[in-house]
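For reference, target-v3.cif is printed below; it contains mmCIF, N, CA and C atoms and all ligand atoms.
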data_model
loop_
_atom_site.label_atom_id
_atom_site.label_comp_id
_atom_site.auth_asym_id
_atom_site.auth_seq_id
_atom_site.Cartn_x
_atom_site.Cartn_y
_atom_site.Cartn_z
N MET A 140 -15.68 -34.66 -15.55
CA MET A 140 -15.08 -35.64 -16.46
C MET A 140 -16.03 -35.86 -17.64
N GLY A 141 -15.52 -35.76 -18.85
CA GLY A 141 -16.35 -35.95 -20.03
C GLY A 141 -16.53 -37.42 -20.33
N PRO A 142 -17.52 -37.76 -21.16
CA PRO A 142 -17.80 -39.16 -21.48
C PRO A 142 -16.60 -39.88 -22.07
N SER A 143 -15.80 -39.20 -22.93
CA SER A 143 -14.72 -39.89 -23.60
C SER A 143 -13.64 -40.34 -22.61
N GLU A 144 -13.53 -39.63 -21.50
CA GLU A 144 -12.50 -39.98 -20.52
C GLU A 144 -12.82 -41.27 -19.77
N SER A 145 -14.06 -41.71 -19.88
CA SER A 145 -14.42 -42.93 -19.17
C SER A 145 -14.48 -44.11 -20.13
N SER A 146 -13.92 -43.96 -21.32
CA SER A 146 -13.95 -45.02 -22.32
C SER A 146 -13.16 -46.25 -21.87
N LEU A 147 -13.81 -47.43 -21.98
CA LEU A 147 -13.15 -48.66 -21.54
C LEU A 147 -12.75 -49.54 -22.73
N GLY A 148 -13.15 -49.12 -23.93
CA GLY A 148 -12.78 -49.89 -25.12
C GLY A 148 -13.78 -50.97 -25.52
N TRP A 149 -14.98 -50.90 -24.98
CA TRP A 149 -16.07 -51.81 -25.39
C TRP A 149 -17.17 -50.87 -25.86
N SER A 150 -17.34 -50.77 -27.18
CA SER A 150 -18.13 -49.67 -27.74
C SER A 150 -19.56 -49.59 -27.20
N GLU A 151 -20.23 -50.74 -27.09
CA GLU A 151 -21.62 -50.69 -26.62
C GLU A 151 -21.67 -50.21 -25.15
N MET A 152 -20.75 -50.71 -24.34
CA MET A 152 -20.73 -50.29 -22.95
C MET A 152 -20.37 -48.80 -22.84
N ASP A 153 -19.38 -48.37 -23.62
CA ASP A 153 -18.97 -46.96 -23.61
C ASP A 153 -20.11 -46.05 -24.05
N ARG A 154 -20.87 -46.51 -25.03
CA ARG A 154 -22.00 -45.72 -25.52
C ARG A 154 -23.03 -45.54 -24.40
N GLN A 155 -23.33 -46.63 -23.69
CA GLN A 155 -24.32 -46.56 -22.61
C GLN A 155 -23.82 -45.68 -21.46
N HIS A 156 -22.55 -45.83 -21.10
CA HIS A 156 -21.99 -44.97 -20.03
C HIS A 156 -22.01 -43.51 -20.45
N GLY A 157 -21.65 -43.25 -21.71
CA GLY A 157 -21.64 -41.88 -22.22
C GLY A 157 -23.02 -41.24 -22.10
N ALA A 158 -24.05 -42.01 -22.48
CA ALA A 158 -25.43 -41.49 -22.42
C ALA A 158 -25.81 -41.18 -20.97
N LEU A 159 -25.37 -42.04 -20.07
CA LEU A 159 -25.68 -41.87 -18.65
C LEU A 159 -24.98 -40.63 -18.07
N PHE A 160 -23.69 -40.49 -18.36
CA PHE A 160 -22.94 -39.34 -17.86
C PHE A 160 -23.51 -38.05 -18.44
N HIS A 161 -23.90 -38.12 -19.69
CA HIS A 161 -24.45 -36.94 -20.35
C HIS A 161 -25.76 -36.53 -19.65
N ALA A 162 -26.63 -37.51 -19.40
CA ALA A 162 -27.92 -37.22 -18.75
C ALA A 162 -27.71 -36.63 -17.35
N LEU A 163 -26.75 -37.18 -16.60
CA LEU A 163 -26.47 -36.67 -15.25
C LEU A 163 -25.94 -35.23 -15.33
N HIS A 164 -25.10 -34.99 -16.32
CA HIS A 164 -24.52 -33.66 -16.49
C HIS A 164 -25.60 -32.64 -16.87
N VAL A 165 -26.48 -33.02 -17.78
CA VAL A 165 -27.56 -32.12 -18.22
C VAL A 165 -28.43 -31.77 -17.02
N LEU A 166 -28.78 -32.78 -16.23
CA LEU A 166 -29.64 -32.53 -15.07
C LEU A 166 -28.95 -31.60 -14.06
N ALA A 167 -27.67 -31.85 -13.82
CA ALA A 167 -26.95 -31.05 -12.81
C ALA A 167 -26.79 -29.60 -13.23
N THR A 168 -26.69 -29.36 -14.54
CA THR A 168 -26.38 -28.00 -15.00
C THR A 168 -27.60 -27.25 -15.53
N SER A 169 -28.77 -27.91 -15.60
CA SER A 169 -29.98 -27.22 -16.09
C SER A 169 -30.57 -26.34 -15.00
N PRO A 170 -31.32 -25.31 -15.42
CA PRO A 170 -32.04 -24.53 -14.41
C PRO A 170 -33.04 -25.43 -13.70
N ARG A 171 -33.15 -25.27 -12.38
CA ARG A 171 -34.03 -26.14 -11.60
C ARG A 171 -35.51 -25.83 -11.86
N GLY A 172 -36.27 -26.91 -12.08
CA GLY A 172 -37.71 -26.79 -12.23
C GLY A 172 -38.29 -28.14 -11.91
N LYS A 173 -39.28 -28.19 -11.02
CA LYS A 173 -39.74 -29.48 -10.51
C LYS A 173 -40.18 -30.44 -11.63
N VAL A 174 -40.96 -29.95 -12.57
CA VAL A 174 -41.50 -30.84 -13.61
C VAL A 174 -40.37 -31.42 -14.47
N ASP A 175 -39.46 -30.54 -14.91
CA ASP A 175 -38.35 -31.00 -15.75
C ASP A 175 -37.41 -31.91 -14.97
N ASP A 176 -37.12 -31.54 -13.73
CA ASP A 176 -36.23 -32.36 -12.91
C ASP A 176 -36.81 -33.76 -12.71
N LEU A 177 -38.09 -33.81 -12.43
CA LEU A 177 -38.75 -35.10 -12.20
C LEU A 177 -38.69 -35.96 -13.46
N ARG A 178 -39.00 -35.36 -14.60
CA ARG A 178 -38.99 -36.10 -15.86
C ARG A 178 -37.58 -36.62 -16.14
N GLU A 179 -36.58 -35.77 -15.93
CA GLU A 179 -35.20 -36.14 -16.21
C GLU A 179 -34.70 -37.22 -15.24
N MET A 180 -35.08 -37.07 -13.96
CA MET A 180 -34.68 -38.03 -12.93
C MET A 180 -35.29 -39.41 -13.23
N ARG A 181 -36.55 -39.42 -13.65
CA ARG A 181 -37.21 -40.69 -13.99
C ARG A 181 -36.54 -41.33 -15.19
N ARG A 182 -36.14 -40.49 -16.13
CA ARG A 182 -35.47 -41.01 -17.32
C ARG A 182 -34.11 -41.61 -16.94
N ILE A 183 -33.38 -40.92 -16.07
CA ILE A 183 -32.07 -41.42 -15.63
C ILE A 183 -32.24 -42.76 -14.91
N PHE A 184 -33.27 -42.84 -14.07
CA PHE A 184 -33.53 -44.09 -13.35
C PHE A 184 -33.78 -45.23 -14.35
N ALA A 185 -34.57 -44.94 -15.39
CA ALA A 185 -34.88 -45.96 -16.40
C ALA A 185 -33.64 -46.34 -17.19
N VAL A 186 -32.82 -45.35 -17.57
CA VAL A 186 -31.60 -45.62 -18.34
C VAL A 186 -30.64 -46.46 -17.51
N LEU A 187 -30.52 -46.12 -16.24
CA LEU A 187 -29.62 -46.83 -15.34
C LEU A 187 -30.09 -48.28 -15.14
N THR A 188 -31.39 -48.44 -14.91
CA THR A 188 -31.94 -49.79 -14.71
C THR A 188 -31.67 -50.65 -15.95
N GLU A 189 -31.89 -50.07 -17.12
CA GLU A 189 -31.71 -50.79 -18.38
C GLU A 189 -30.22 -51.13 -18.57
N HIS A 190 -29.35 -50.18 -18.24
CA HIS A 190 -27.91 -50.41 -18.40
C HIS A 190 -27.44 -51.53 -17.47
N PHE A 191 -27.88 -51.50 -16.23
CA PHE A 191 -27.48 -52.54 -15.27
C PHE A 191 -27.97 -53.91 -15.73
N ARG A 192 -29.20 -53.94 -16.24
CA ARG A 192 -29.76 -55.21 -16.71
C ARG A 192 -28.90 -55.77 -17.85
N TRP A 193 -28.53 -54.89 -18.77
CA TRP A 193 -27.70 -55.31 -19.92
C TRP A 193 -26.35 -55.83 -19.43
N GLU A 194 -25.71 -55.05 -18.54
CA GLU A 194 -24.38 -55.42 -18.06
C GLU A 194 -24.42 -56.75 -17.28
N GLU A 195 -25.43 -56.93 -16.45
CA GLU A 195 -25.54 -58.14 -15.65
C GLU A 195 -25.81 -59.36 -16.53
N ALA A 196 -26.57 -59.16 -17.61
CA ALA A 196 -26.82 -60.26 -18.55
C ALA A 196 -25.52 -60.64 -19.27
N GLU A 197 -24.71 -59.62 -19.63
CA GLU A 197 -23.42 -59.89 -20.27
C GLU A 197 -22.51 -60.67 -19.33
N MET A 198 -22.52 -60.28 -18.05
CA MET A 198 -21.68 -60.97 -17.07
C MET A 198 -22.09 -62.44 -16.93
N ALA A 199 -23.40 -62.67 -16.95
CA ALA A 199 -23.90 -64.04 -16.83
C ALA A 199 -23.47 -64.85 -18.06
N THR A 200 -23.61 -64.25 -19.23
CA THR A 200 -23.23 -64.94 -20.48
C THR A 200 -21.75 -65.31 -20.47
N MET A 201 -20.91 -64.39 -19.97
CA MET A 201 -19.46 -64.60 -20.02
C MET A 201 -18.95 -65.41 -18.83
N GLY A 202 -19.82 -65.73 -17.88
CA GLY A 202 -19.39 -66.48 -16.70
C GLY A 202 -18.42 -65.69 -15.83
N TYR A 203 -18.68 -64.40 -15.69
CA TYR A 203 -17.80 -63.53 -14.89
C TYR A 203 -17.88 -63.90 -13.41
N PRO A 204 -16.75 -64.28 -12.79
CA PRO A 204 -16.79 -64.77 -11.41
C PRO A 204 -17.21 -63.73 -10.37
N ASP A 205 -17.04 -62.43 -10.67
CA ASP A 205 -17.34 -61.38 -9.69
C ASP A 205 -18.74 -60.80 -9.86
N ARG A 206 -19.58 -61.50 -10.60
CA ARG A 206 -20.89 -60.95 -10.94
C ARG A 206 -21.71 -60.55 -9.71
N SER A 207 -21.77 -61.42 -8.71
CA SER A 207 -22.67 -61.12 -7.59
C SER A 207 -22.22 -59.88 -6.81
N ARG A 208 -20.91 -59.70 -6.64
CA ARG A 208 -20.39 -58.53 -5.94
C ARG A 208 -20.73 -57.26 -6.74
N HIS A 209 -20.60 -57.38 -8.04
CA HIS A 209 -20.89 -56.25 -8.94
C HIS A 209 -22.38 -55.89 -8.89
N VAL A 210 -23.22 -56.92 -8.88
CA VAL A 210 -24.67 -56.70 -8.85
C VAL A 210 -25.07 -55.98 -7.55
N VAL A 211 -24.43 -56.33 -6.45
CA VAL A 211 -24.72 -55.68 -5.17
C VAL A 211 -24.46 -54.17 -5.27
N ASP A 212 -23.35 -53.82 -5.93
CA ASP A 212 -23.02 -52.40 -6.10
C ASP A 212 -24.08 -51.69 -6.96
N HIS A 213 -24.54 -52.36 -8.01
CA HIS A 213 -25.62 -51.81 -8.84
C HIS A 213 -26.88 -51.58 -8.01
N GLN A 214 -27.21 -52.57 -7.21
CA GLN A 214 -28.45 -52.47 -6.41
C GLN A 214 -28.39 -51.32 -5.42
N ARG A 215 -27.20 -51.14 -4.83
CA ARG A 215 -27.01 -50.04 -3.88
C ARG A 215 -27.25 -48.70 -4.59
N GLU A 216 -26.72 -48.59 -5.78
CA GLU A 216 -26.87 -47.34 -6.52
C GLU A 216 -28.32 -47.10 -6.95
N LEU A 217 -28.99 -48.15 -7.38
CA LEU A 217 -30.39 -48.00 -7.77
C LEU A 217 -31.22 -47.53 -6.58
N TRP A 218 -30.88 -48.05 -5.41
CA TRP A 218 -31.58 -47.67 -4.19
C TRP A 218 -31.35 -46.18 -3.91
N SER A 219 -30.10 -45.72 -4.05
CA SER A 219 -29.79 -44.30 -3.83
C SER A 219 -30.56 -43.41 -4.79
N ILE A 220 -30.61 -43.82 -6.05
CA ILE A 220 -31.33 -43.01 -7.05
C ILE A 220 -32.82 -43.01 -6.74
N ALA A 221 -33.33 -44.15 -6.29
CA ALA A 221 -34.74 -44.23 -5.94
C ALA A 221 -35.06 -43.27 -4.80
N GLN A 222 -34.13 -43.18 -3.83
CA GLN A 222 -34.31 -42.24 -2.71
C GLN A 222 -34.33 -40.79 -3.21
N LEU A 223 -33.42 -40.51 -4.13
CA LEU A 223 -33.29 -39.17 -4.70
C LEU A 223 -34.58 -38.80 -5.44
N LEU A 224 -35.08 -39.76 -6.19
CA LEU A 224 -36.32 -39.56 -6.94
C LEU A 224 -37.48 -39.33 -5.98
N ARG A 225 -37.53 -40.14 -4.91
CA ARG A 225 -38.63 -40.01 -3.95
C ARG A 225 -38.61 -38.65 -3.26
N SER A 226 -37.41 -38.19 -2.89
CA SER A 226 -37.34 -36.90 -2.20
C SER A 226 -37.72 -35.77 -3.15
N LEU A 227 -37.42 -35.97 -4.42
CA LEU A 227 -37.81 -34.97 -5.42
C LEU A 227 -39.33 -34.95 -5.58
N GLU A 228 -39.94 -36.14 -5.58
CA GLU A 228 -41.40 -36.23 -5.70
C GLU A 228 -42.09 -35.63 -4.47
N ASP A 229 -41.53 -35.92 -3.28
CA ASP A 229 -42.17 -35.48 -2.03
C ASP A 229 -41.93 -34.01 -1.74
N LEU A 230 -40.67 -33.59 -1.89
CA LEU A 230 -40.31 -32.23 -1.48
C LEU A 230 -40.27 -31.25 -2.66
N GLY A 231 -40.19 -31.81 -3.86
CA GLY A 231 -40.16 -30.96 -5.04
C GLY A 231 -38.84 -30.27 -5.27
N GLU A 232 -37.83 -30.73 -4.54
CA GLU A 232 -36.52 -30.11 -4.70
C GLU A 232 -35.46 -31.16 -4.96
N LEU A 233 -34.62 -30.88 -5.93
CA LEU A 233 -33.56 -31.82 -6.23
C LEU A 233 -32.41 -31.61 -5.25
N ASP A 234 -31.99 -32.71 -4.62
CA ASP A 234 -30.89 -32.65 -3.67
C ASP A 234 -29.57 -32.65 -4.47
N ALA A 235 -29.01 -31.44 -4.67
CA ALA A 235 -27.83 -31.30 -5.54
C ALA A 235 -26.64 -32.11 -5.02
N GLU A 236 -26.52 -32.18 -3.70
CA GLU A 236 -25.40 -32.92 -3.13
C GLU A 236 -25.53 -34.42 -3.41
N ALA A 237 -26.77 -34.90 -3.28
CA ALA A 237 -27.02 -36.33 -3.53
C ALA A 237 -26.81 -36.64 -5.02
N LEU A 238 -27.18 -35.71 -5.87
CA LEU A 238 -26.99 -35.90 -7.31
C LEU A 238 -25.50 -35.96 -7.64
N GLU A 239 -24.74 -35.10 -6.99
CA GLU A 239 -23.29 -35.08 -7.20
C GLU A 239 -22.67 -36.40 -6.71
N ALA A 240 -23.17 -36.89 -5.57
CA ALA A 240 -22.67 -38.16 -5.03
C ALA A 240 -22.97 -39.29 -6.00
N CYS A 241 -24.12 -39.22 -6.64
CA CYS A 241 -24.53 -40.25 -7.60
C CYS A 241 -23.62 -40.21 -8.83
N ASP A 242 -23.31 -39.01 -9.28
CA ASP A 242 -22.40 -38.84 -10.42
C ASP A 242 -21.01 -39.38 -10.07
N ALA A 243 -20.55 -39.05 -8.87
CA ALA A 243 -19.23 -39.51 -8.43
C ALA A 243 -19.20 -41.04 -8.32
N TRP A 244 -20.30 -41.62 -7.78
CA TRP A 244 -20.37 -43.07 -7.67
C TRP A 244 -20.26 -43.69 -9.06
N THR A 245 -21.00 -43.13 -10.02
CA THR A 245 -21.02 -43.69 -11.38
C THR A 245 -19.61 -43.70 -11.97
N HIS A 246 -18.88 -42.60 -11.82
CA HIS A 246 -17.52 -42.55 -12.34
C HIS A 246 -16.62 -43.58 -11.64
N ARG A 247 -16.74 -43.67 -10.32
CA ARG A 247 -15.92 -44.63 -9.57
C ARG A 247 -16.23 -46.06 -9.99
N HIS A 248 -17.52 -46.34 -10.11
CA HIS A 248 -17.95 -47.70 -10.45
C HIS A 248 -17.43 -48.10 -11.83
N VAL A 249 -17.54 -47.19 -12.79
CA VAL A 249 -17.08 -47.47 -14.15
C VAL A 249 -15.56 -47.69 -14.17
N ALA A 250 -14.85 -46.81 -13.45
CA ALA A 250 -13.38 -46.89 -13.47
C ALA A 250 -12.84 -48.10 -12.73
N SER A 251 -13.61 -48.66 -11.81
CA SER A 251 -13.11 -49.81 -11.07
C SER A 251 -13.82 -51.11 -11.46
N MET A 252 -15.10 -51.24 -11.09
CA MET A 252 -15.79 -52.52 -11.30
C MET A 252 -16.07 -52.83 -12.77
N ASP A 253 -16.56 -51.81 -13.51
CA ASP A 253 -16.84 -52.06 -14.94
C ASP A 253 -15.53 -52.31 -15.69
N SER A 254 -14.52 -51.54 -15.32
CA SER A 254 -13.22 -51.70 -15.97
C SER A 254 -12.68 -53.11 -15.74
N ASP A 255 -12.89 -53.64 -14.54
CA ASP A 255 -12.43 -54.99 -14.21
C ASP A 255 -13.15 -56.02 -15.09
N PHE A 256 -14.45 -55.82 -15.25
CA PHE A 256 -15.24 -56.75 -16.08
C PHE A 256 -14.76 -56.69 -17.54
N VAL A 257 -14.49 -55.48 -18.04
CA VAL A 257 -14.03 -55.34 -19.42
C VAL A 257 -12.68 -56.04 -19.60
N GLN A 258 -11.81 -55.91 -18.58
CA GLN A 258 -10.52 -56.61 -18.68
C GLN A 258 -10.72 -58.12 -18.75
N PHE A 259 -11.67 -58.61 -17.97
CA PHE A 259 -11.98 -60.05 -17.99
C PHE A 259 -12.43 -60.48 -19.38
N VAL A 260 -13.28 -59.66 -20.01
CA VAL A 260 -13.80 -59.99 -21.35
C VAL A 260 -12.68 -59.91 -22.39
N GLN A 261 -11.83 -58.89 -22.26
CA GLN A 261 -10.81 -58.65 -23.29
C GLN A 261 -9.61 -59.59 -23.18
N ASP A 262 -9.21 -59.92 -21.96
CA ASP A 262 -8.06 -60.81 -21.79
C ASP A 262 -8.18 -61.56 -20.47
N ARG A 263 -8.82 -62.70 -20.55
CA ARG A 263 -9.10 -63.48 -19.34
C ARG A 263 -7.82 -63.92 -18.63
N GLU A 264 -6.78 -64.24 -19.43
CA GLU A 264 -5.54 -64.72 -18.83
C GLU A 264 -4.91 -63.66 -17.92
N ILE A 265 -4.86 -62.44 -18.43
CA ILE A 265 -4.29 -61.35 -17.61
C ILE A 265 -5.16 -61.11 -16.39
N TRP A 266 -6.47 -61.16 -16.60
CA TRP A 266 -7.40 -60.94 -15.48
C TRP A 266 -7.15 -61.97 -14.38
N GLU A 267 -6.98 -63.26 -14.79
CA GLU A 267 -6.77 -64.32 -13.80
C GLU A 267 -5.43 -64.18 -13.08
N LEU A 268 -4.42 -63.76 -13.86
CA LEU A 268 -3.10 -63.56 -13.28
C LEU A 268 -3.14 -62.45 -12.23
N ARG A 269 -3.82 -61.38 -12.59
CA ARG A 269 -3.93 -60.24 -11.66
C ARG A 269 -4.66 -60.68 -10.39
N ARG A 270 -5.71 -61.49 -10.57
CA ARG A 270 -6.48 -61.98 -9.44
C ARG A 270 -5.61 -62.85 -8.53
N GLU A 271 -4.79 -63.70 -9.18
CA GLU A 271 -3.89 -64.56 -8.42
C GLU A 271 -2.91 -63.73 -7.59
N CYS A 272 -2.37 -62.67 -8.20
CA CYS A 272 -1.42 -61.80 -7.49
C CYS A 272 -2.11 -61.15 -6.30
N MET A 273 -3.36 -60.72 -6.49
CA MET A 273 -4.09 -60.10 -5.39
C MET A 273 -4.30 -61.10 -4.26
N ASP A 274 -4.63 -62.34 -4.61
CA ASP A 274 -4.85 -63.39 -3.59
C ASP A 274 -3.55 -63.67 -2.85
N MET A 275 -2.44 -63.71 -3.59
CA MET A 275 -1.15 -63.97 -2.97
C MET A 275 -0.80 -62.85 -1.98
N ASP A 276 -1.04 -61.64 -2.42
CA ASP A 276 -0.76 -60.48 -1.58
C ASP A 276 -1.61 -60.55 -0.31
N TYR A 277 -2.85 -60.96 -0.48
CA TYR A 277 -3.77 -61.07 0.65
C TYR A 277 -3.27 -62.13 1.63
N GLU A 278 -2.84 -63.28 1.08
CA GLU A 278 -2.33 -64.35 1.95
C GLU A 278 -1.09 -63.90 2.72
N ASP A 279 -0.22 -63.13 2.03
CA ASP A 279 0.98 -62.61 2.68
C ASP A 279 0.60 -61.72 3.85
N ARG A 280 -0.38 -60.88 3.61
CA ARG A 280 -0.80 -59.96 4.68
C ARG A 280 -1.38 -60.72 5.86
N LEU A 281 -2.16 -61.76 5.54
CA LEU A 281 -2.74 -62.57 6.61
C LEU A 281 -1.64 -63.26 7.41
N ALA A 282 -0.63 -63.78 6.69
CA ALA A 282 0.46 -64.50 7.34
C ALA A 282 1.27 -63.58 8.24
N ALA A 283 1.24 -62.29 7.94
CA ALA A 283 2.01 -61.33 8.73
C ALA A 283 1.39 -61.08 10.11
N PHE A 284 0.12 -61.48 10.26
CA PHE A 284 -0.52 -61.31 11.57
C PHE A 284 -0.08 -62.43 12.51
N PRO A 285 0.20 -62.11 13.76
CA PRO A 285 0.55 -63.20 14.70
C PRO A 285 -0.65 -64.13 14.91
N ALA A 286 -0.37 -65.43 15.01
CA ALA A 286 -1.46 -66.41 15.14
C ALA A 286 -2.16 -66.25 16.48
FE FE B 301 -21.48 -52.02 -13.52
FE FE B 302 -21.71 -49.85 -16.24
#
Let me see whether you can do it: turn the structure in this file into structure tokens.
Amino acid sequence: MGPSESSLGWSEMDRQHGALFHALHVLATSPRGKVDDLREMRRIFAVLTEHFRWEEAEMATMGYPDRSRHVVDHQRELWSIAQLLRSLEDLGELDAEALEACDAWTHRHVASMDSDFVQFVQDREIWELRRECMDMDYEDRLAAFPA
């Protein structure tokens, strides 16, 4: 998936996501070399940390109700990348499968959680309505269970 396909309509956020996807793509498709891989992996870790910090600060400013759930997902991903970086440092080999999983996570996260936050910023009324519908659906499902 190219960077433009993950566009959410918030230019600064789209720019940061684009840079991240590009860096992951470059690393995945470059010839393997421990020194270059390590440098690139450290850079991706720094870019990701900075992006999460920016996004979490925006959520705090906007009073986004789902911030803590979103932050947990960020932390999980940072932990995975830290593991990937550590195994690269220790073993000198990039775990291609783990890198692919990280890329897939990033796309999923952007398409679901980040997209939800952007909807909240762009049209809070629709966001709240959608949330209400989800809660109603949840209550219906609960009511369907025998007491
Ligand atoms: Fe996020
Ligand atoms: Fe993001």
Point to revise | Residues within 8 Å of range 233-250 of chain A, only N, CA and C atoms, excluding chain neighbours under 5 positions, as a PyMOL selection string | key: chain A and resi 145+147+160+163-164+167+171-173+176-177+216+219-220+223-224+226-228+255
Those residues you just picked out, can you put them in a file as a PDB file, in the frame of the given file with N, CA and C atoms?
ATOM      1  N   SER A 145     -14.060 -41.710 -19.880  1.00  0.00           N
ATOM      2  CA  SER A 145     -14.420 -42.930 -19.170  1.00  0.00           C
ATOM      3  C   SER A 145     -14.480 -44.110 -20.130  1.00  0.00           C
ATOM      4  N   LEU A 147     -13.810 -47.430 -21.980  1.00  0.00           N
ATOM      5  CA  LEU A 147     -13.150 -48.660 -21.540  1.00  0.00           C
ATOM      6  C   LEU A 147     -12.750 -49.540 -22.730  1.00  0.00           C
ATOM      7  N   PHE A 160     -23.690 -40.490 -18.360  1.00  0.00           N
ATOM      8  CA  PHE A 160     -22.940 -39.340 -17.860  1.00  0.00           C
ATOM      9  C   PHE A 160     -23.510 -38.050 -18.440  1.00  0.00           C
ATOM     10  N   LEU A 163     -26.750 -37.180 -16.600  1.00  0.00           N
ATOM     11  CA  LEU A 163     -26.470 -36.670 -15.250  1.00  0.00           C
ATOM     12  C   LEU A 163     -25.940 -35.230 -15.330  1.00  0.00           C
ATOM     13  N   HIS A 164     -25.100 -34.990 -16.320  1.00  0.00           N
ATOM     14  CA  HIS A 164     -24.520 -33.660 -16.490  1.00  0.00           C
ATOM     15  C   HIS A 164     -25.600 -32.640 -16.870  1.00  0.00           C
ATOM     16  N   ALA A 167     -27.670 -31.850 -13.820  1.00  0.00           N
ATOM     17  CA  ALA A 167     -26.950 -31.050 -12.810  1.00  0.00           C
ATOM     18  C   ALA A 167     -26.790 -29.600 -13.230  1.00  0.00           C
ATOM     19  N   ARG A 171     -33.150 -25.270 -12.380  1.00  0.00           N
ATOM     20  CA  ARG A 171     -34.030 -26.140 -11.600  1.00  0.00           C
ATOM     21  C   ARG A 171     -35.510 -25.830 -11.860  1.00  0.00           C
ATOM     22  N   GLY A 172     -36.270 -26.910 -12.080  1.00  0.00           N
ATOM     23  CA  GLY A 172     -37.710 -26.790 -12.230  1.00  0.00           C
ATOM     24  C   GLY A 172     -38.290 -28.140 -11.910  1.00  0.00           C
ATOM     25  N   LYS A 173     -39.280 -28.190 -11.020  1.00  0.00           N
ATOM     26  CA  LYS A 173     -39.740 -29.480 -10.510  1.00  0.00           C
ATOM     27  C   LYS A 173     -40.180 -30.440 -11.630  1.00  0.00           C
ATOM     28  N   ASP A 176     -37.120 -31.540 -13.730  1.00  0.00           N
ATOM     29  CA  ASP A 176     -36.230 -32.360 -12.910  1.00  0.00           C
ATOM     30  C   ASP A 176     -36.810 -33.760 -12.710  1.00  0.00           C
ATOM     31  N   LEU A 177     -38.090 -33.810 -12.430  1.00  0.00           N
ATOM     32  CA  LEU A 177     -38.750 -35.100 -12.200  1.00  0.00           C
ATOM     33  C   LEU A 177     -38.690 -35.960 -13.460  1.00  0.00           C
ATOM     34  N   GLU A 216     -26.720 -48.590  -5.780  1.00  0.00           N
ATOM     35  CA  GLU A 216     -26.870 -47.340  -6.520  1.00  0.00           C
ATOM     36  C   GLU A 216     -28.320 -47.100  -6.950  1.00  0.00           C
ATOM     37  N   SER A 219     -30.100 -45.720  -4.050  1.00  0.00           N
ATOM     38  CA  SER A 219     -29.790 -44.300  -3.830  1.00  0.00           C
ATOM     39  C   SER A 219     -30.560 -43.410  -4.790  1.00  0.00           C
ATOM     40  N   ILE A 220     -30.610 -43.820  -6.050  1.00  0.00           N
ATOM     41  CA  ILE A 220     -31.330 -43.010  -7.050  1.00  0.00           C
ATOM     42  C   ILE A 220     -32.820 -43.010  -6.740  1.00  0.00           C
ATOM     43  N   LEU A 223     -33.420 -40.510  -4.130  1.00  0.00           N
ATOM     44  CA  LEU A 223     -33.290 -39.170  -4.700  1.00  0.00           C
ATOM     45  C   LEU A 223     -34.580 -38.800  -5.440  1.00  0.00           C
ATOM     46  N   LEU A 224     -35.080 -39.760  -6.190  1.00  0.00           N
ATOM     47  CA  LEU A 224     -36.320 -39.560  -6.940  1.00  0.00           C
ATOM     48  C   LEU A 224     -37.480 -39.330  -5.980  1.00  0.00           C
ATOM     49  N   SER A 226     -37.410 -38.190  -2.890  1.00  0.00           N
ATOM     50  CA  SER A 226     -37.340 -36.900  -2.200  1.00  0.00           C
ATOM     51  C   SER A 226     -37.720 -35.770  -3.150  1.00  0.00           C
ATOM     52  N   LEU A 227     -37.420 -35.970  -4.420  1.00  0.00           N
ATOM     53  CA  LEU A 227     -37.810 -34.970  -5.420  1.00  0.00           C
ATOM     54  C   LEU A 227     -39.330 -34.950  -5.580  1.00  0.00           C
ATOM     55  N   GLU A 228     -39.940 -36.140  -5.580  1.00  0.00           N
ATOM     56  CA  GLU A 228     -41.400 -36.230  -5.700  1.00  0.00           C
ATOM     57  C   GLU A 228     -42.090 -35.630  -4.470  1.00  0.00           C
ATOM     58  N   ASP A 255     -12.890 -53.640 -14.540  1.00  0.00           N
ATOM     59  CA  ASP A 255     -12.430 -54.990 -14.210  1.00  0.00           C
ATOM     60  C   ASP A 255     -13.150 -56.020 -15.090  1.00  0.00           C
TER      61      ASP A 255
END
**Study point:** Close residues, range 178-191 of chain A itself excluded, 9 Å, only C-alpha atoms, min 2 positions apart in chain, as a PyMOL selection string
**Key:** chain A and resi 152+155-156+158-159+162-163+165-166+173-176+193-196+210+213-214+217+220-221+223-224+227
**Study point:** Counting all atoms listed in the file, the option among A:Gln222, A:Ser146, A:Ser254, A:Thr168 closest to ligand FE 302 (chain B)
**Key:**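 Closest to ligand FE 302 (chain B) of all the choices is A:Ser254.
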Revision key, fill the gap. Restricting to only C-alpha atoms and all ligand atoms, whichever of A:Arg225, A:Arg269, A:His209, A:Arg263 is closest to ligand FE 301 (chain B) is A:His209
Point to revise | Using only N, CA and C atoms and all ligand atoms: which of A:Asp205, A:Asp153, A:Asp229, A:Glu264 has the shortest distance to ligand FE 302 (chain B) | key: A:Asp153
Show me, as JSON, the centre and edge lengths in Å to one decimal of the axis-aligned box that covers every listed atom of range 244-263 of chain A with 5 Å on each side.
{"center_x": -14.4, "center_y": -52.8, "center_z": -15.5, "size_x": 23.2, "size_y": 32.3, "size_z": 25.6}
